[in-house]
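Engineer: Have a look at this one before I ask anything.
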Amino acid sequence: MTEMSVLENLKQKALGELETIESAEALEAWRVTYLGKKSELVAVLRSLGSLPVEERKDVGGQANAVREELEAALEAREESMAEKFTGDPLGIDITLPGRPWLAGRLHPVTRIINEITDIFSSLGFSTVEGPEIELDRYNFDALNIPKEHPARDTMQTFWMDDVDEKGERHKLLRTHTSPMQVRFMEKYKEPPFRIIVPGRVYRYEATDASHLPMFHQVEGLLVDKDVTFADLKGTLYEFARRFFGPTRKVRFRCDFFPFVEPGVEMAIECGSCSGAGCRVCGDTGWLEILGAGMVHPNVLKGVGIDPEIYTGFAFGIGVERLPMLRYGVDDIRLFYSNDLRFLRQF
């Protein structure tokens, strides 16, 4: 049998089988058999080199013509099958259930930051941001934390490599968002001020279930005439009521922060035991959520504001702590593990 007759028989056989195909799987199998890399048609094309020179042109031309005819027949069959089963030449079967689209969503920490800013925005606070690479002056000195102050020992710091002529380093990754207190007051000079500052902060400490070298804070600052400690308590109580619900109890206790005087810590009633005491709250019935206090007079003086005329309060919220308390998350590392099984819960 000559090569030309082989090609003709192959074409007739392929076209005959194509007319009987009724499924996409069978259609794909047909394509592989007659147009694939191991098909008889490809074998004929590869054998052209063994034919006499005078036959190569005719056989090659016929083989290419058969391939084009089979490809056209395959395309026509695909279209006819799509119209037969769906009435749609695009092959979309509208009777089948739709495929669900995976919807993106905000990270739980981002959602909490947005919720915090929304609450304080409704209380008249503006949102500002500041640099994550900070100067020693703003991060410590201007906040009443001089170089010899013991409070620096509790803020393990990532220092930058640049060194001045005295061998001292002055740039660092900020350890809190409080430096924006000073930067904002320096820039705008005249109170009243009412701002919150969300952002990432960094501390050089070991990673465990409750600590990370990078986390988020929201700093708050209010400066005006006749601002009292009662204003601080009322503002923070309203925040806790809106965030945790109106029935959650709140407690204030004295604490020390160099840039406020007096300073307090604010705690909420443990949601796991309703204040009775459990493992989550260390059997105290309370969970601390933020530190706060009245702005220290030295901080106001440092930016040229007279503390005899103006007073104010400041607070700092650890953002990751809030969703941990609200949702019962027992390991802060889960927020940054990129585990979709965890993140899809929020």
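Letters for chains follow the order of the structure tokens (A, B, ...), residue numbers begin at 1 for each chain, and ligand numbers begin at 1 in the order shown.
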Would you mind listing what lies within 9 Å of Ile196 (chain A) as a count of residues only, with only C-alpha atoms counted and same-chain residues fewer than 2 positions away left out?
Structural biologist: 15
Engineer: Skipping near chain neighbours, those fewer than 3 positions away, what residues fall within 10 Å of Gln345 (chain A) using only C-alpha atoms, listed as a PyMOL selection string?
Structural biologist: chain A and resi 108+327+340-342
Engineer: Could you give me, as a PDB file with C-alpha atoms, in the first residue's frame, the residues within 12 Å of Leu27 (chain A), counting only C-alpha atoms and dropping anything in the same chain fewer than 4 positions from it?
Structural biologist:
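result20.pdb, written as the output of this step:
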```pdb
ATOM      1  CA  ALA A  14     -10.737   9.481  11.448  1.00  0.00           C
ATOM      2  CA  LEU A  15     -13.677  11.393   9.976  1.00  0.00           C
ATOM      3  CA  GLU A  17     -15.074   8.050  14.092  1.00  0.00           C
ATOM      4  CA  LEU A  18     -15.412  11.797  14.665  1.00  0.00           C
ATOM      5  CA  GLU A  19     -19.070  11.754  13.613  1.00  0.00           C
ATOM      6  CA  THR A  20     -19.915   9.234  16.361  1.00  0.00           C
ATOM      7  CA  ILE A  21     -18.293  11.107  19.253  1.00  0.00           C
ATOM      8  CA  GLU A  22     -20.672  12.555  21.882  1.00  0.00           C
ATOM      9  CA  SER A  23     -18.457  13.529  24.836  1.00  0.00           C
ATOM     10  CA  ARG A  31      -7.421  14.299  18.911  1.00  0.00           C
ATOM     11  CA  VAL A  32      -4.562  12.470  20.590  1.00  0.00           C
ATOM     12  CA  THR A  33      -5.024   9.412  18.343  1.00  0.00           C
ATOM     13  CA  TYR A  34      -5.148  11.215  14.995  1.00  0.00           C
ATOM     14  CA  LEU A  35      -3.371  14.537  15.600  1.00  0.00           C
ATOM     15  CA  GLU A  71      -8.152  19.942  12.445  1.00  0.00           C
ATOM     16  CA  ALA A  73     -13.320  18.788  11.307  1.00  0.00           C
ATOM     17  CA  LEU A  74     -12.342  18.689  14.990  1.00  0.00           C
ATOM     18  CA  GLU A  75     -13.117  22.390  15.440  1.00  0.00           C
ATOM     19  CA  ALA A  76     -16.481  21.998  13.698  1.00  0.00           C
ATOM     20  CA  ARG A  77     -17.342  18.989  15.865  1.00  0.00           C
ATOM     21  CA  GLU A  78     -16.506  20.927  19.041  1.00  0.00           C
ATOM     22  CA  GLU A  79     -18.836  23.745  18.003  1.00  0.00           C
ATOM     23  CA  MET A  81     -21.412  19.544  20.356  1.00  0.00           C
TER      24      MET A  81
END
```
Engineer: Which residue, A:Leu236, A:Ala142, A:Lys187, A:Phe252, has the smallest gap to Pro297 (chain A) when you use only C-alpha atoms?
Structural biologist: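 Looking at the shortest contact to Pro297 (chain A), the residue is A:Ala142.
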Engineer: Could you please write out, as a VMD selection string, every residue of region 131-254 of chain A that DSSP assigns to strand (DSSP E)?
Structural biologist: chain A and resid 133 to 135 158 to 159 171 to 173 193 to 202 214 to 225 250 to 254
Engineer: Could you take the residues named above and write them with C-alpha atoms, as a JSON list (two decimals), in the first residue's frame?
Structural biologist:
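Okay, this is what ended up in selection13.json:
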```json
[["chain", "number", "residue", "atom", "x", "y", "z"],
["A", 133, "ILE", "CA", 12.54, 54.36, 60.65],
["A", 134, "GLU", "CA", 12.71, 56.89, 63.46],
["A", 135, "LEU", "CA", 15.24, 59.16, 65.12],
["A", 158, "PHE", "CA", 16.56, 47.51, 66.39],
["A", 159, "TRP", "CA", 19.24, 50.15, 65.76],
["A", 171, "LYS", "CA", 18.35, 55.87, 63.74],
["A", 172, "LEU", "CA", 16.19, 52.92, 64.73],
["A", 173, "LEU", "CA", 13.06, 50.99, 63.89],
["A", 193, "PHE", "CA", -4.98, 68.30, 68.73],
["A", 194, "ARG", "CA", -6.97, 65.12, 68.48],
["A", 195, "ILE", "CA", -5.24, 62.32, 66.52],
["A", 196, "ILE", "CA", -4.68, 58.57, 66.39],
["A", 197, "VAL", "CA", -1.59, 56.98, 64.82],
["A", 198, "PRO", "CA", -1.87, 53.35, 63.62],
["A", 199, "GLY", "CA", 1.22, 51.54, 62.39],
["A", 200, "ARG", "CA", 3.84, 48.82, 62.69],
["A", 201, "VAL", "CA", 6.38, 48.86, 65.51],
["A", 202, "TYR", "CA", 9.47, 46.74, 66.16],
["A", 214, "MET", "CA", 6.98, 43.20, 64.64],
["A", 215, "PHE", "CA", 3.44, 44.08, 65.70],
["A", 216, "HIS", "CA", 0.94, 46.94, 65.44],
["A", 217, "GLN", "CA", -0.03, 49.80, 67.71],
["A", 218, "VAL", "CA", -2.56, 52.60, 67.62],
["A", 219, "GLU", "CA", -1.38, 55.70, 69.45],
["A", 220, "GLY", "CA", -3.88, 58.34, 70.54],
["A", 221, "LEU", "CA", -3.30, 61.97, 71.53],
["A", 222, "LEU", "CA", -5.64, 64.75, 72.64],
["A", 223, "VAL", "CA", -4.36, 68.17, 73.74],
["A", 224, "ASP", "CA", -6.58, 71.14, 74.57],
["A", 225, "LYS", "CA", -7.47, 73.51, 77.37],
["A", 250, "VAL", "CA", -13.59, 48.01, 82.39],
["A", 251, "ARG", "CA", -10.89, 48.61, 85.02],
["A", 252, "PHE", "CA", -8.22, 51.31, 85.35],
["A", 253, "ARG", "CA", -5.09, 50.81, 87.49],
["A", 254, "CYS", "CA", -2.06, 53.00, 88.08]]
```
Engineer: What are the DSSP helix (DSSP H, G or I) residues of region 9-159 of chain A, as a PyMOL selection string?
Structural biologist: chain A and resi 9-20+24-35+40-50+53-86+108-122+136-139+141-143+150-154
Engineer: List the spatial neighbours of Thr235 (chain A) as an mmCIF file with C-alpha atoms, in the first residue's frame - criterion: any atom at most 12 Å away, only C-alpha atoms, same-chain residues fewer than 5 positions off excluded.
Structural biologist:
```cif
data_model
loop_
_atom_site.group_PDB
_atom_site.id
_atom_site.type_symbol
_atom_site.label_atom_id
_atom_site.label_comp_id
_atom_site.auth_asym_id
_atom_site.auth_seq_id
_atom_site.Cartn_x
_atom_site.Cartn_y
_atom_site.Cartn_z
ATOM 1 C CA ILE A 119 -14.554 54.348 66.399
ATOM 2 C CA PHE A 120 -12.135 57.162 67.183
ATOM 3 C CA SER A 121 -13.056 59.015 63.996
ATOM 4 C CA SER A 122 -16.629 59.161 65.260
ATOM 5 C CA LEU A 123 -15.228 60.686 68.477
ATOM 6 C CA GLY A 124 -13.515 63.460 66.542
ATOM 7 C CA PHE A 125 -9.995 62.008 66.127
ATOM 8 C CA ARG A 194 -6.966 65.116 68.475
ATOM 9 C CA GLY A 220 -3.878 58.337 70.536
ATOM 10 C CA LEU A 221 -3.301 61.966 71.530
ATOM 11 C CA LEU A 222 -5.641 64.747 72.644
ATOM 12 C CA VAL A 227 -8.505 68.384 79.499
ATOM 13 C CA THR A 228 -8.764 66.175 82.591
ATOM 14 C CA PHE A 229 -8.243 62.569 83.573
ATOM 15 C CA ALA A 230 -12.018 62.170 83.460
ATOM 16 C CA ALA A 240 -14.215 49.631 75.019
ATOM 17 C CA ARG A 241 -18.021 49.761 75.054
ATOM 18 C CA ARG A 242 -18.204 50.020 71.274
ATOM 19 C CA MET A 266 -6.819 49.758 81.156
ATOM 20 C CA ALA A 292 -2.556 55.552 78.879
ATOM 21 C CA GLY A 293 -2.142 58.709 80.936
ATOM 22 C CA PHE A 313 -3.922 62.637 77.366
ATOM 23 C CA ALA A 314 -2.352 59.864 75.331
ATOM 24 C CA PHE A 315 -2.912 56.131 74.990
#
```
Engineer: Quick one: everything within 12 Å of Asp283 (chain A), counting only C-alpha atoms, minus sequence neighbours fewer than 2 positions away in the same chain. Send it as number ranges by chain.
Structural biologist: A: 269-270, 272-281, 285-287
Engineer: Rounded to one decimal in Å, what is the spacing between CA of Tyr336 (chain A) and CA of Asp118 (chain A)?
Structural biologist: 23.7 Å
